[in-house]
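A.B. asks: Sharing upload_31.cif below, mmCIF, C-alpha atoms:
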data_start
loop_
_atom_site.label_atom_id
_atom_site.label_comp_id
_atom_site.auth_asym_id
_atom_site.auth_seq_id
_atom_site.Cartn_x
_atom_site.Cartn_y
_atom_site.Cartn_z
CA MET A 1 -14.81 43.88 -69.85
CA ALA A 2 -11.61 42.84 -68.29
CA LYS A 3 -11.47 41.70 -64.77
CA VAL A 4 -9.88 44.19 -62.46
CA LYS A 5 -7.34 42.49 -60.35
CA ILE A 6 -7.12 43.72 -56.84
CA PRO A 7 -3.62 43.24 -55.59
CA ARG A 8 -3.47 41.33 -52.38
CA LYS A 9 -2.03 43.29 -49.53
CA SER A 10 -0.36 41.86 -46.53
CA THR A 11 -2.34 42.15 -43.34
CA THR A 12 0.68 42.35 -41.06
CA ILE A 13 1.42 45.74 -39.65
CA ASP A 14 4.72 46.96 -38.36
CA MET A 15 4.33 46.87 -34.63
CA THR A 16 7.66 48.44 -33.74
CA ALA A 17 6.36 51.95 -33.20
CA MET A 18 3.40 50.78 -31.18
CA CYS A 19 5.65 48.67 -29.05
CA ASP A 20 7.88 51.67 -28.45
CA VAL A 21 4.96 53.78 -27.34
CA ALA A 22 3.63 51.08 -25.06
CA PHE A 23 6.91 50.66 -23.27
CA LEU A 24 7.54 54.39 -23.09
CA LEU A 25 4.22 54.83 -21.32
CA LEU A 26 4.96 51.88 -19.11
CA THR A 27 8.27 53.37 -18.04
CA PHE A 28 6.59 56.70 -17.41
CA PHE A 29 3.95 55.18 -15.17
CA MET A 30 6.46 53.09 -13.30
CA LEU A 31 8.63 56.08 -12.53
CA THR A 32 6.04 58.73 -11.72
CA THR A 33 3.60 56.78 -9.64
CA LYS A 34 3.75 55.01 -6.38
CA PHE A 35 1.83 52.00 -5.25
CA ARG A 36 -1.45 52.73 -3.65
CA PRO A 37 -1.33 51.68 -0.03
CA GLN A 38 -3.98 49.30 1.07
CA GLU A 39 -6.92 51.26 2.30
CA LEU A 40 -8.81 50.30 5.39
CA ALA A 41 -11.76 52.41 4.39
CA GLN A 42 -12.79 54.54 1.50
CA ILE A 43 -11.90 58.15 2.21
CA ASN A 44 -12.71 60.91 -0.26
CA ILE A 45 -10.47 63.75 0.71
CA PRO A 46 -11.64 67.31 0.11
CA ALA A 47 -9.99 69.49 -2.50
CA SER A 48 -8.05 72.64 -1.81
CA THR A 49 -5.55 74.90 -3.47
CA ALA A 50 -2.84 74.09 -0.93
CA GLN A 51 0.43 73.41 -2.66
CA ILE A 52 2.58 71.94 0.09
CA PRO A 53 3.46 68.34 -0.72
CA ILE A 54 3.18 65.83 2.06
CA PRO A 55 6.63 64.91 3.35
CA ASP A 56 7.80 61.44 2.41
CA ALA A 57 9.27 60.45 5.72
CA ASN A 58 8.34 60.77 9.38
CA ILE A 59 4.66 61.14 8.88
CA LEU A 60 1.86 59.94 11.08
CA THR A 61 -1.51 59.82 9.38
CA ILE A 62 -4.78 59.83 11.24
CA GLN A 63 -7.64 58.75 9.03
CA VAL A 64 -11.21 59.69 9.81
CA THR A 65 -13.94 57.99 7.82
CA GLU A 66 -17.31 59.41 7.02
CA GLN A 67 -18.85 57.53 9.94
CA GLY A 68 -16.20 58.90 12.29
CA LYS A 69 -14.07 55.78 12.63
CA VAL A 70 -10.46 56.60 13.34
CA PHE A 71 -7.47 54.74 11.94
CA MET A 72 -3.84 55.57 12.49
CA GLY A 73 -0.57 54.68 10.89
CA VAL A 74 3.05 55.73 10.69
CA ASP A 75 5.17 55.34 7.60
CA ASP A 76 8.38 53.98 9.06
CA GLN A 77 8.76 50.35 10.12
CA ASN A 78 11.19 51.11 12.94
CA THR A 79 8.77 53.63 14.36
CA ARG A 80 6.02 51.02 14.19
CA GLU A 81 8.15 48.58 16.14
CA GLY A 82 9.03 51.13 18.80
CA MET A 83 5.41 52.20 19.01
CA LEU A 84 4.20 48.64 19.59
CA LEU A 85 6.74 48.10 22.36
CA LYS A 86 5.69 51.32 24.07
CA LEU A 87 2.03 50.31 23.79
CA LYS A 88 2.85 46.91 25.28
CA GLU A 89 4.34 48.57 28.33
CA ARG A 90 1.53 51.06 28.66
CA TYR A 91 -1.29 48.53 28.40
CA GLN A 92 0.63 45.62 29.98
CA LEU A 93 0.08 43.36 27.02
CA PRO A 94 1.79 39.96 26.78
CA GLU A 95 5.12 39.71 25.00
CA PHE A 96 4.83 39.85 21.21
CA ASN A 97 6.47 37.08 19.21
CA ALA A 98 8.40 37.64 15.98
CA ASN A 99 5.42 36.89 13.76
CA GLN A 100 3.18 39.37 15.48
CA MET A 101 5.94 41.94 15.40
CA SER A 102 6.53 41.60 11.68
CA ALA A 103 2.79 41.64 11.03
CA PHE A 104 2.53 44.94 12.83
CA LYS A 105 5.54 46.33 11.04
CA LEU A 106 3.86 45.63 7.70
CA MET A 107 0.63 47.40 8.55
CA ASP A 108 0.21 50.82 6.99
CA ALA A 109 -2.56 51.74 9.35
CA PHE A 110 -4.72 50.05 11.92
CA GLY A 111 -7.91 50.73 13.76
CA MET A 112 -8.12 48.16 16.53
CA PRO A 113 -8.56 48.66 20.27
CA VAL A 114 -5.13 48.19 21.83
CA GLU A 115 -6.33 45.33 24.05
CA GLN A 116 -7.25 43.29 20.97
CA LEU A 117 -3.96 43.91 19.19
CA PRO A 118 -2.18 40.66 20.18
CA GLN A 119 -5.11 38.56 18.99
CA PHE A 120 -5.46 40.64 15.85
CA LEU A 121 -1.78 40.29 15.01
CA SER A 122 -1.89 36.51 15.39
CA MET A 123 -4.53 36.22 12.70
CA LYS A 124 -3.64 35.11 9.22
CA ALA A 125 -2.76 37.92 6.84
CA GLU A 126 -5.78 37.30 4.62
CA GLU A 127 -8.19 37.26 7.53
CA ARG A 128 -6.66 40.41 8.86
CA ASN A 129 -7.02 42.21 5.57
CA THR A 130 -10.65 41.30 5.10
CA MET A 131 -11.69 42.01 8.65
CA VAL A 132 -13.57 45.24 9.28
CA GLN A 133 -11.66 47.07 11.96
CA PRO A 134 -13.73 48.96 14.51
CA GLY A 135 -11.52 52.03 14.71
CA ILE A 136 -9.52 53.51 17.56
CA ALA A 137 -11.47 54.79 20.55
CA ILE A 138 -11.35 58.55 21.08
CA ASP A 139 -13.94 58.96 23.83
CA SER A 140 -13.00 61.20 26.67
CA THR A 141 -13.06 58.27 29.09
CA ASN A 142 -10.99 55.94 26.95
CA ASN A 143 -8.86 57.96 24.60
CA GLN A 144 -6.61 55.36 23.05
CA LEU A 145 -5.71 57.59 20.14
CA GLY A 146 -3.91 59.91 22.56
CA GLU A 147 -1.97 57.00 24.04
CA ILE A 148 -1.01 55.59 20.66
CA LEU A 149 0.00 59.05 19.53
CA LEU A 150 2.21 59.41 22.59
CA ALA A 151 3.79 56.01 21.96
CA ALA A 152 4.47 56.87 18.33
CA ARG A 153 6.01 60.21 19.19
CA GLN A 154 8.18 58.69 21.90
CA SER A 155 9.37 56.17 19.38
CA ASN A 156 10.09 58.86 16.79
CA PRO A 157 10.06 62.46 18.04
CA GLU A 158 10.38 63.85 14.53
CA LEU A 159 6.94 62.68 13.47
CA ARG A 160 4.71 65.15 11.70
CA ILE A 161 1.02 64.65 12.02
CA ALA A 162 -1.47 64.71 9.20
CA ILE A 163 -5.22 64.29 9.33
CA LYS A 164 -6.88 62.59 6.41
CA ALA A 165 -10.60 62.96 6.82
CA ASP A 166 -13.47 62.27 4.47
CA ALA A 167 -15.01 65.38 2.94
CA SER A 168 -18.46 64.51 4.29
CA THR A 169 -17.39 63.77 7.84
CA ASP A 170 -19.13 65.88 10.45
CA TYR A 171 -16.89 68.56 11.83
CA GLU A 172 -17.35 67.41 15.40
CA LYS A 173 -15.79 64.05 14.59
CA VAL A 174 -12.73 65.68 13.10
CA ASN A 175 -12.72 68.11 15.98
CA LYS A 176 -12.51 65.25 18.47
CA VAL A 177 -9.30 64.15 16.81
CA ILE A 178 -7.98 67.71 16.78
CA GLN A 179 -8.78 68.09 20.46
CA THR A 180 -6.97 64.85 21.21
CA LEU A 181 -3.96 66.21 19.37
CA GLN A 182 -4.12 69.41 21.37
CA GLU A 183 -4.32 67.52 24.63
CA ARG A 184 -1.02 65.98 23.62
CA LYS A 185 0.38 69.42 22.86
CA VAL A 186 0.28 68.97 19.11
CA ASN A 187 -0.84 72.36 17.89
CA LYS A 188 0.54 72.15 14.41
CA PHE A 189 -0.71 69.57 11.98
CA ASN A 190 -1.60 69.08 8.36
CA LEU A 191 -4.92 68.41 6.70
CA ILE A 192 -4.54 66.18 3.69
CA THR A 193 -6.37 67.50 0.67
CA SER A 194 -6.27 66.83 -3.03
CA ALA A 195 -4.97 69.45 -5.40
CA ARG A 196 -7.28 71.74 -7.26
CA GLY A 197 -6.69 74.65 -9.63
CA LEU A 198 -6.96 78.21 -8.32
CA SER A 199 -10.11 78.89 -10.29
CA GLY A 200 -12.29 76.93 -7.94
CA GLU A 201 -14.08 75.33 -10.85
CA ALA A 202 -14.15 71.92 -9.24
CA LYS A 203 -16.33 73.11 -6.41
CA GLU A 204 -19.71 71.54 -6.30
CA MET B 1 12.08 26.71 -32.58
CA ALA B 2 10.64 23.98 -34.71
CA GLU B 3 8.94 26.47 -36.97
CA MET B 4 12.14 28.36 -37.52
CA ASN B 5 13.92 25.25 -38.75
CA THR B 6 11.28 24.45 -41.34
CA ALA B 7 11.28 28.00 -42.52
CA GLU B 8 14.97 27.94 -43.24
CA GLY B 9 14.70 24.58 -44.93
CA GLY B 10 18.37 24.58 -45.92
CA GLY B 11 19.20 21.19 -44.47
CA LYS B 12 19.43 19.25 -47.78
CA LYS B 13 22.07 21.30 -49.50
CA LYS B 14 24.87 20.48 -47.14
CA GLY B 15 28.17 19.25 -48.40
CA LYS B 16 27.94 19.95 -52.17
CA LYS B 17 28.67 23.58 -52.53
CA LYS B 18 29.86 26.36 -50.31
CA THR B 19 27.42 26.67 -47.55
CA ARG B 20 25.82 29.96 -48.16
CA SER B 21 24.16 31.36 -45.13
CA LYS B 22 20.63 32.12 -46.03
CA LYS B 23 19.38 35.62 -45.40
CA VAL B 24 16.86 35.54 -42.62
CA SER B 25 14.50 38.38 -42.17
CA THR B 26 15.26 40.39 -39.05
CA ARG B 27 11.63 41.26 -38.55
CA VAL B 28 10.08 39.93 -35.42
CA ASP B 29 6.40 39.81 -34.78
CA LEU B 30 5.94 42.39 -32.08
CA THR B 31 2.23 41.88 -31.51
CA ALA B 32 2.71 39.81 -28.41
CA MET B 33 5.16 42.30 -26.99
CA VAL B 34 2.75 45.17 -27.54
CA ASP B 35 0.06 43.18 -25.81
CA LEU B 36 2.32 42.65 -22.86
CA GLY B 37 3.28 46.32 -22.77
CA PHE B 38 -0.28 47.52 -22.66
CA LEU B 39 -1.23 44.93 -20.11
CA LEU B 40 1.48 46.22 -17.80
CA ILE B 41 0.44 49.83 -18.42
CA THR B 42 -3.09 49.00 -17.44
CA PHE B 43 -1.85 47.30 -14.32
CA PHE B 44 0.28 50.24 -13.27
CA MET B 45 -2.46 52.72 -13.98
CA LEU B 46 -4.87 50.88 -11.75
CA ALA B 47 -2.56 49.85 -8.96
CA THR B 48 -0.75 53.10 -8.34
CA THR B 49 -1.65 56.56 -7.19
CA PHE B 50 -0.89 59.23 -9.69
CA ASN B 51 -0.94 62.60 -8.02
CA LYS B 52 0.24 62.96 -4.50
CA PRO B 53 -2.26 64.60 -2.19
CA LYS B 54 -1.31 67.97 -0.81
CA ALA B 55 -1.22 69.12 2.75
CA MET B 56 -2.79 72.14 4.31
CA GLU B 57 -1.13 73.39 7.44
CA VAL B 58 -3.18 74.29 10.48
CA ASN B 59 -1.85 75.96 13.59
CA LYS B 60 -4.00 75.98 16.66
CA PRO B 61 -3.20 78.09 19.70
CA ALA B 62 -1.57 76.21 22.52
CA LYS B 63 -4.02 75.31 25.25
CA ASP B 64 -2.65 77.04 28.29
CA ASP B 65 -4.12 76.54 31.69
CA LYS B 66 -3.41 80.10 32.64
CA GLN B 67 -4.97 82.44 30.14
CA GLU B 68 -2.86 85.57 30.28
CA ASP B 69 -2.40 88.25 27.68
CA VAL B 70 -5.24 87.26 25.46
CA PRO B 71 -4.98 89.87 22.73
CA GLU B 72 -8.11 91.92 22.45
CA VAL B 73 -9.44 92.28 18.96
CA LYS B 74 -11.83 95.10 18.18
CA MET B 75 -15.12 93.56 17.17
CA THR B 76 -15.38 95.90 14.19
CA LYS B 77 -12.26 94.35 12.72
CA THR B 78 -13.68 90.87 12.90
CA TYR B 79 -15.78 88.80 10.58
CA THR B 80 -17.52 85.77 11.94
CA VAL B 81 -18.29 82.82 9.70
CA LEU B 82 -20.66 80.14 10.92
CA ILE B 83 -20.26 77.02 8.83
CA ALA B 84 -23.57 75.20 8.83
CA THR B 85 -24.97 72.05 7.33
CA ASN B 86 -26.18 71.76 3.72
CA ASP B 87 -23.12 73.75 2.55
CA LYS B 88 -24.41 76.99 3.99
CA ALA B 89 -22.43 79.69 5.69
CA TYR B 90 -23.69 82.57 7.78
CA CYS B 91 -21.41 85.56 8.05
CA TYR B 92 -21.76 88.66 10.15
CA VAL B 93 -19.82 91.56 11.56
CA ALA B 94 -20.17 91.62 15.29
CA SER B 95 -20.20 94.90 17.08
CA GLU B 96 -19.75 95.78 20.73
CA ASP B 97 -22.69 98.10 21.20
CA ASP B 98 -25.20 97.40 18.46
CA PRO B 99 -27.35 94.38 19.24
CA ASN B 100 -28.81 94.28 15.74
CA ILE B 101 -26.39 92.47 13.52
CA LEU B 102 -26.79 91.85 9.85
CA VAL B 103 -26.36 88.24 8.86
CA ASP B 104 -25.43 87.24 5.35
CA SER B 105 -26.34 83.81 4.18
CA THR B 106 -24.02 82.43 1.56
CA ASP B 107 -22.58 79.25 0.13
CA PHE B 108 -19.12 78.06 -0.79
CA SER B 109 -19.28 78.62 -4.51
CA ARG B 110 -16.92 80.97 -6.24
CA THR B 111 -19.31 83.89 -6.14
CA GLY B 112 -20.50 83.24 -2.62
CA PHE B 113 -18.11 83.24 0.25
CA ARG B 114 -15.14 84.58 -1.67
CA GLU B 115 -17.00 87.76 -2.61
CA LYS B 116 -18.08 88.26 0.98
CA ILE B 117 -14.50 88.02 2.20
CA LYS B 118 -13.33 90.43 -0.46
CA GLU B 119 -16.03 92.95 0.45
CA ARG B 120 -15.11 92.70 4.09
CA GLN B 121 -11.42 93.12 3.29
CA LYS B 122 -12.23 96.31 1.41
CA ALA B 123 -14.35 97.64 4.24
CA VAL B 124 -11.59 96.95 6.75
CA GLU B 125 -9.04 98.56 4.49
CA GLN B 126 -11.15 101.71 4.29
CA ALA B 127 -11.72 101.90 8.00
CA TRP B 128 -8.28 100.88 9.27
CA GLY B 129 -5.97 101.51 6.36
CA ASN B 130 -4.79 97.93 6.05
CA LYS B 131 -6.76 94.90 4.99
CA ASP B 132 -4.55 92.64 7.08
CA GLU B 133 -6.29 94.01 10.16
CA LEU B 134 -9.23 91.78 9.33
CA PHE B 135 -9.66 88.95 11.77
CA VAL B 136 -11.86 86.08 10.63
CA LEU B 137 -13.49 83.91 13.26
CA ILE B 138 -14.34 80.53 11.79
CA LYS B 139 -16.98 78.70 13.74
CA PRO B 140 -18.02 75.34 12.28
CA LEU B 141 -21.21 73.87 13.68
CA PRO B 142 -20.79 70.31 15.00
CA LYS B 143 -22.86 68.83 12.19
CA SER B 144 -21.24 70.75 9.35
CA ASP B 145 -19.20 68.93 6.76
CA TYR B 146 -15.45 68.84 7.18
CA ARG B 147 -15.16 69.72 3.49
CA ASN B 148 -16.53 73.18 4.15
CA LEU B 149 -14.00 73.87 6.87
CA VAL B 150 -11.32 73.06 4.32
CA ASN B 151 -13.10 75.33 1.83
CA VAL B 152 -13.07 78.23 4.26
CA LEU B 153 -9.42 77.70 5.19
CA ASP B 154 -8.68 77.56 1.52
CA GLU B 155 -10.43 80.88 0.90
CA MET B 156 -8.31 82.40 3.66
CA ALA B 157 -5.23 81.35 1.76
CA ILE B 158 -6.60 82.47 -1.61
CA ASN B 159 -7.63 85.92 -0.40
CA GLY B 160 -4.56 86.39 1.72
CA VAL B 161 -6.32 86.73 5.04
CA LYS B 162 -3.50 86.78 7.57
CA LYS B 163 -5.42 86.43 10.79
CA TYR B 164 -8.03 83.79 11.32
CA ALA B 165 -8.92 81.27 13.95
CA ILE B 166 -11.06 78.17 14.24
CA ILE B 167 -13.23 78.61 17.29
CA ASP B 168 -15.42 76.03 18.97
CA ASP B 169 -17.24 78.30 21.40
CA PHE B 170 -20.46 79.89 20.34
CA ASN B 171 -21.58 83.14 21.91
CA PHE B 172 -25.10 84.39 22.33
CA ALA B 173 -25.26 86.01 18.91
CA ASP B 174 -24.15 82.79 17.24
CA SER B 175 -26.69 80.63 18.99
CA SER B 176 -29.53 82.99 18.17
CA ILE B 177 -28.53 83.03 14.50
CA VAL B 178 -28.29 79.27 14.48
CA LYS B 179 -31.73 79.04 16.00
CA GLN B 180 -33.20 81.46 13.52
CA VAL B 181 -31.95 79.62 10.47
CA GLY B 182 -33.13 76.31 11.82
CA GLN B 183 -29.77 74.69 12.39
CA SER B 184 -28.58 73.04 15.53
CA LEU B 185 -25.62 73.50 17.85
CA ASP B 186 -26.10 70.07 19.37
CA SER B 187 -23.82 67.31 18.37
CA ASN B 188 -26.54 64.69 18.18
#
Can you dump the structure from the file as structure tokens?
C.D. replies:
Amino acid sequence: MAKVKIPRKSTTIDMTAMCDVAFLLLTFFMLTTKFRPQELAQINIPASTAQIPIPDANILTIQVTEQGKVFMGVDDQNTREGMLLKLKERYQLPEFNANQMSAFKLMDAFGMPVEQLPQFLSMKAEERNTMVQPGIAIDSTNNQLGEILLAARQSNPELRIAIKADASTDYEKVNKVIQTLQERKVNKFNLITSARGLSGEAKE
Amino acid sequence: MAEMNTAEGGGKKKGKKKTRSKKVSTRVDLTAMVDLGFLLITFFMLATTFNKPKAMEVNKPAKDDKQEDVPEVKMTKTYTVLIATNDKAYCYVASEDDPNILVDSTDFSRTGFREKIKERQKAVEQAWGNKDELFVLIKPLPKSDYRNLVNVLDEMAINGVKKYAIIDDFNFADSSIVKQVGQSLDSN
């Protein structure tokens, strides 16, 4: 019986097509997505069938966590600067130096009592990012959210207001924020929700 | 580079004959490039947000100090929804003269609240000729989940309810229902 010779086959594969696919996907992801902003707290937003996209510019977001902590941020750096200056006047804070100013301008959202802002802004960036912020006070006696809101709107009157609250937050906590908005004559605002199909299948 | 030189190996022949340029394969090993490509894809998939969240618009009535011209709504055109804890909703039709009201307990699934709204829309259409006459009063209890408020607002949009309002005051009927079902109106 003759030996059957098995021809040796090369183990190299043509990678060109795979490379094409990889870079096509890469380009797709780079173009269609946007960097996730740093989150101060985990917020699971509720789902709805609303179709209105959130505007890209001039937006003020109030975040409410499950525990009822309130964070706030505006998207535009110039608005942030104007807002900080207004807050300085209102709360008679010491003059901010350039470092503190730029630190504030780079913050997407914050949740510190206004009195502690200068100290907070002087911290190192890493310390600031890892620190657990206590949230903005919205008690009826010390409603700093209202004041910050006023400062932000004075700095940029075109701001639209959006509330991003966790799905499991108690209604009263969200309502406190809504009442603060209404005290400042903001009667029109947006609730941020994630998209869901019309069928309602995703409902728990 | 060093490897490439050894592979060509044509260094010895120089000078004697016409230098013939050796055919070099144009194939490049793309494995490393593919690796890099997929690494970057993974990075972008994890570091970016894919779908933009959507916004739901809410209009609240302006808080006026002087309450003039509050439009009167006939109670028979209304539908009150109490959003309670544990994803429960209690709906009823209030009436001016009848103290006995029928309370429906429902949830926020597809067959729950949506059906109730549709039934009510039909009833209003029969009685008043137009289903847009329906006025839904949404009353979330302090301890109810925010998610359910969004659910109810969403149902308003889905079923095309034109008139609805989020109300924070509870009347006597509401508080007695709340008491009966063992929920609480207190915030703590």
A.B. asks: Can you list, as a ChimeraX atom specification, every protein, DNA or RNA residue that comes within 8 Å of segment 165-176 of chain A when you count all atoms listed in the file, leaving out same-chain residues fewer than 4 positions away?
C.D. replies: /A:43-46,62-68,138,180,191-192 /B:140-147,149,187
A.B. asks: Can you measure atom CA of Val93 of chain B to atom CA of Asp174 of chain B for me? One decimal in Å is fine.
C.D. replies: 11.3 Å
A.B. asks: For the PyMOL selection byres ((chain B) within 7 of (chain A)), applied here, can you spell out every residue it catches as an MDAnalysis selection string?
C.D. replies: chainID B and resid 30:31 33:34 37:38 40:41 44:45 47:50 53:62 109:110 140 142:147 150:151 154
A.B. asks: So, with all atoms listed in the file as the atoms that count, which of B:Asn159, B:Thr76, B:Thr85, B:Ser21 lies closest to Lys116 of chain B?
C.D. replies: B:Asn159
A.B. asks: Would you mind listing what lies within 12 Å of Met131 of chain A as a VMD selection string, with all atoms listed in the file counted and same-chain residues fewer than 6 positions away left out?
C.D. replies: chain A and resid 40 to 41 110 to 112 120 to 121 123 to 125
A.B. asks: Residues at most 8 Å from segment 161-164 of chain B, counting all atoms listed in the file, excluding those fewer than 3 positions away in the same chain, as number ranges by chain?
C.D. replies: B: 132-138, 156-158
A.B. asks: Using the chain letters and numbers from the file, which residues does the PyMOL selection byres ((chain A and resi 104) around 10) grab, as a list of chain:residue names?
C.D. replies: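 That selection, the PyMOL selection byres ((chain A and resi 104) around 10), comes back as A:Gln77, A:Arg80, A:Glu81, A:Met83, A:Leu84, A:Ala98, A:Asn99, A:Gln100, A:Met101, A:Ser102, A:Ala103, A:Lys105, A:Leu106, A:Met107, A:Asp108, A:Ala109, A:Phe110, A:Leu117, A:Pro118, A:Phe120, A:Leu121, A:Ser122.
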A.B. asks: Those same residues - C-alpha atoms - I'd like them written as a PDB file, in the coordinates of the input.
C.D. replies:
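To be explicit, this is the file written out as again15.pdb:
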ATOM      1  CA  GLN A  77       8.760  50.350  10.120  1.00  0.00           C
ATOM      2  CA  ARG A  80       6.020  51.020  14.190  1.00  0.00           C
ATOM      3  CA  GLU A  81       8.150  48.580  16.140  1.00  0.00           C
ATOM      4  CA  MET A  83       5.410  52.200  19.010  1.00  0.00           C
ATOM      5  CA  LEU A  84       4.200  48.640  19.590  1.00  0.00           C
ATOM      6  CA  ALA A  98       8.400  37.640  15.980  1.00  0.00           C
ATOM      7  CA  ASN A  99       5.420  36.890  13.760  1.00  0.00           C
ATOM      8  CA  GLN A 100       3.180  39.370  15.480  1.00  0.00           C
ATOM      9  CA  MET A 101       5.940  41.940  15.400  1.00  0.00           C
ATOM     10  CA  SER A 102       6.530  41.600  11.680  1.00  0.00           C
ATOM     11  CA  ALA A 103       2.790  41.640  11.030  1.00  0.00           C
ATOM     12  CA  LYS A 105       5.540  46.330  11.040  1.00  0.00           C
ATOM     13  CA  LEU A 106       3.860  45.630   7.700  1.00  0.00           C
ATOM     14  CA  MET A 107       0.630  47.400   8.550  1.00  0.00           C
ATOM     15  CA  ASP A 108       0.210  50.820   6.990  1.00  0.00           C
ATOM     16  CA  ALA A 109      -2.560  51.740   9.350  1.00  0.00           C
ATOM     17  CA  PHE A 110      -4.720  50.050  11.920  1.00  0.00           C
ATOM     18  CA  LEU A 117      -3.960  43.910  19.190  1.00  0.00           C
ATOM     19  CA  PRO A 118      -2.180  40.660  20.180  1.00  0.00           C
ATOM     20  CA  PHE A 120      -5.460  40.640  15.850  1.00  0.00           C
ATOM     21  CA  LEU A 121      -1.780  40.290  15.010  1.00  0.00           C
ATOM     22  CA  SER A 122      -1.890  36.510  15.390  1.00  0.00           C
TER      23      SER A 122
END
A.B. asks: Please report the interatomic distance between atom CA of Leu145 of chain A and atom CA of Leu60 of chain A in Å with one decimal.
C.D. replies: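 So the two atoms, atom CA of Leu145 of chain A and atom CA of Leu60 of chain A, lie 12.0 Å apart.
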A.B. asks: May I ask for the distance between atom CA of Ala127 of chain B and atom CA of Lys77 of chain B, given in Å to one decimal place?
C.D. replies: 8.9 Å
A.B. asks: Taking all atoms of segment 14-24 of chain A that appear in the file, build a box with edges along x, y and z, extend it by 5 Å on every side, and state its centre and edge lengths in Å to one decimal, as JSON.
C.D. replies:
{"center_x": 5.6, "center_y": 50.6, "center_z": -30.7, "size_x": 14.5, "size_y": 17.5, "size_z": 25.3}
A.B. asks: Evaluate the PyMOL selection byres ((chain A and resi 91) around 12) and record the selected residues as a PDB file with C-alpha atoms, keeping the file's coordinate frame, following the chain and residue labels used in the document.
C.D. replies:
ATOM      1  CA  LEU A  84       4.200  48.640  19.590  1.00  0.00           C
ATOM      2  CA  LEU A  85       6.740  48.100  22.360  1.00  0.00           C
ATOM      3  CA  LYS A  86       5.690  51.320  24.070  1.00  0.00           C
ATOM      4  CA  LEU A  87       2.030  50.310  23.790  1.00  0.00           C
ATOM      5  CA  LYS A  88       2.850  46.910  25.280  1.00  0.00           C
ATOM      6  CA  GLU A  89       4.340  48.570  28.330  1.00  0.00           C
ATOM      7  CA  ARG A  90       1.530  51.060  28.660  1.00  0.00           C
ATOM      8  CA  GLN A  92       0.630  45.620  29.980  1.00  0.00           C
ATOM      9  CA  LEU A  93       0.080  43.360  27.020  1.00  0.00           C
ATOM     10  CA  PRO A  94       1.790  39.960  26.780  1.00  0.00           C
ATOM     11  CA  GLU A  95       5.120  39.710  25.000  1.00  0.00           C
ATOM     12  CA  PRO A 113      -8.560  48.660  20.270  1.00  0.00           C
ATOM     13  CA  VAL A 114      -5.130  48.190  21.830  1.00  0.00           C
ATOM     14  CA  GLU A 115      -6.330  45.330  24.050  1.00  0.00           C
ATOM     15  CA  GLN A 116      -7.250  43.290  20.970  1.00  0.00           C
ATOM     16  CA  LEU A 117      -3.960  43.910  19.190  1.00  0.00           C
ATOM     17  CA  PRO A 118      -2.180  40.660  20.180  1.00  0.00           C
ATOM     18  CA  GLN A 144      -6.610  55.360  23.050  1.00  0.00           C
ATOM     19  CA  GLU A 147      -1.970  57.000  24.040  1.00  0.00           C
ATOM     20  CA  ILE A 148      -1.010  55.590  20.660  1.00  0.00           C
ATOM     21  CA  ALA A 151       3.790  56.010  21.960  1.00  0.00           C
TER      22      ALA A 151
END
A.B. asks: Considering only C-alpha atoms, return as a short mmCIF file (atom, residue, chain, number, x, y, z; two decimals) with C-alpha atoms, keeping the file's coordinate frame whatever protein or nucleic-acid residues lie within 12 Å of Ile101 of chain B, sequence-local ones (same chain, fewer than 2 positions apart) excluded.
C.D. replies:
data_model
loop_
_atom_site.label_atom_id
_atom_site.label_comp_id
_atom_site.auth_asym_id
_atom_site.auth_seq_id
_atom_site.Cartn_x
_atom_site.Cartn_y
_atom_site.Cartn_z
CA MET B 75 -15.12 93.56 17.17
CA THR B 76 -15.38 95.90 14.19
CA TYR B 79 -15.78 88.80 10.58
CA THR B 80 -17.52 85.77 11.94
CA TYR B 90 -23.69 82.57 7.78
CA CYS B 91 -21.41 85.56 8.05
CA TYR B 92 -21.76 88.66 10.15
CA VAL B 93 -19.82 91.56 11.56
CA ALA B 94 -20.17 91.62 15.29
CA SER B 95 -20.20 94.90 17.08
CA GLU B 96 -19.75 95.78 20.73
CA ASP B 97 -22.69 98.10 21.20
CA ASP B 98 -25.20 97.40 18.46
CA PRO B 99 -27.35 94.38 19.24
CA VAL B 103 -26.36 88.24 8.86
CA ASP B 104 -25.43 87.24 5.35
CA ALA B 173 -25.26 86.01 18.91
CA ASP B 174 -24.15 82.79 17.24
CA SER B 176 -29.53 82.99 18.17
CA ILE B 177 -28.53 83.03 14.50
#
A.B. asks: So that I can check the surroundings of Ala152 of chain A, please list as a list of chain:residue names every protein, DNA and RNA residue that reaches within 8 Å of it, counting all atoms listed in the file and ignoring chain neighbours fewer than 3 positions away.
C.D. replies: A:Val74, A:Thr79, A:Arg80, A:Gly82, A:Met83, A:Ile148, A:Leu149, A:Ser155, A:Asn156, A:Pro157, A:Leu159
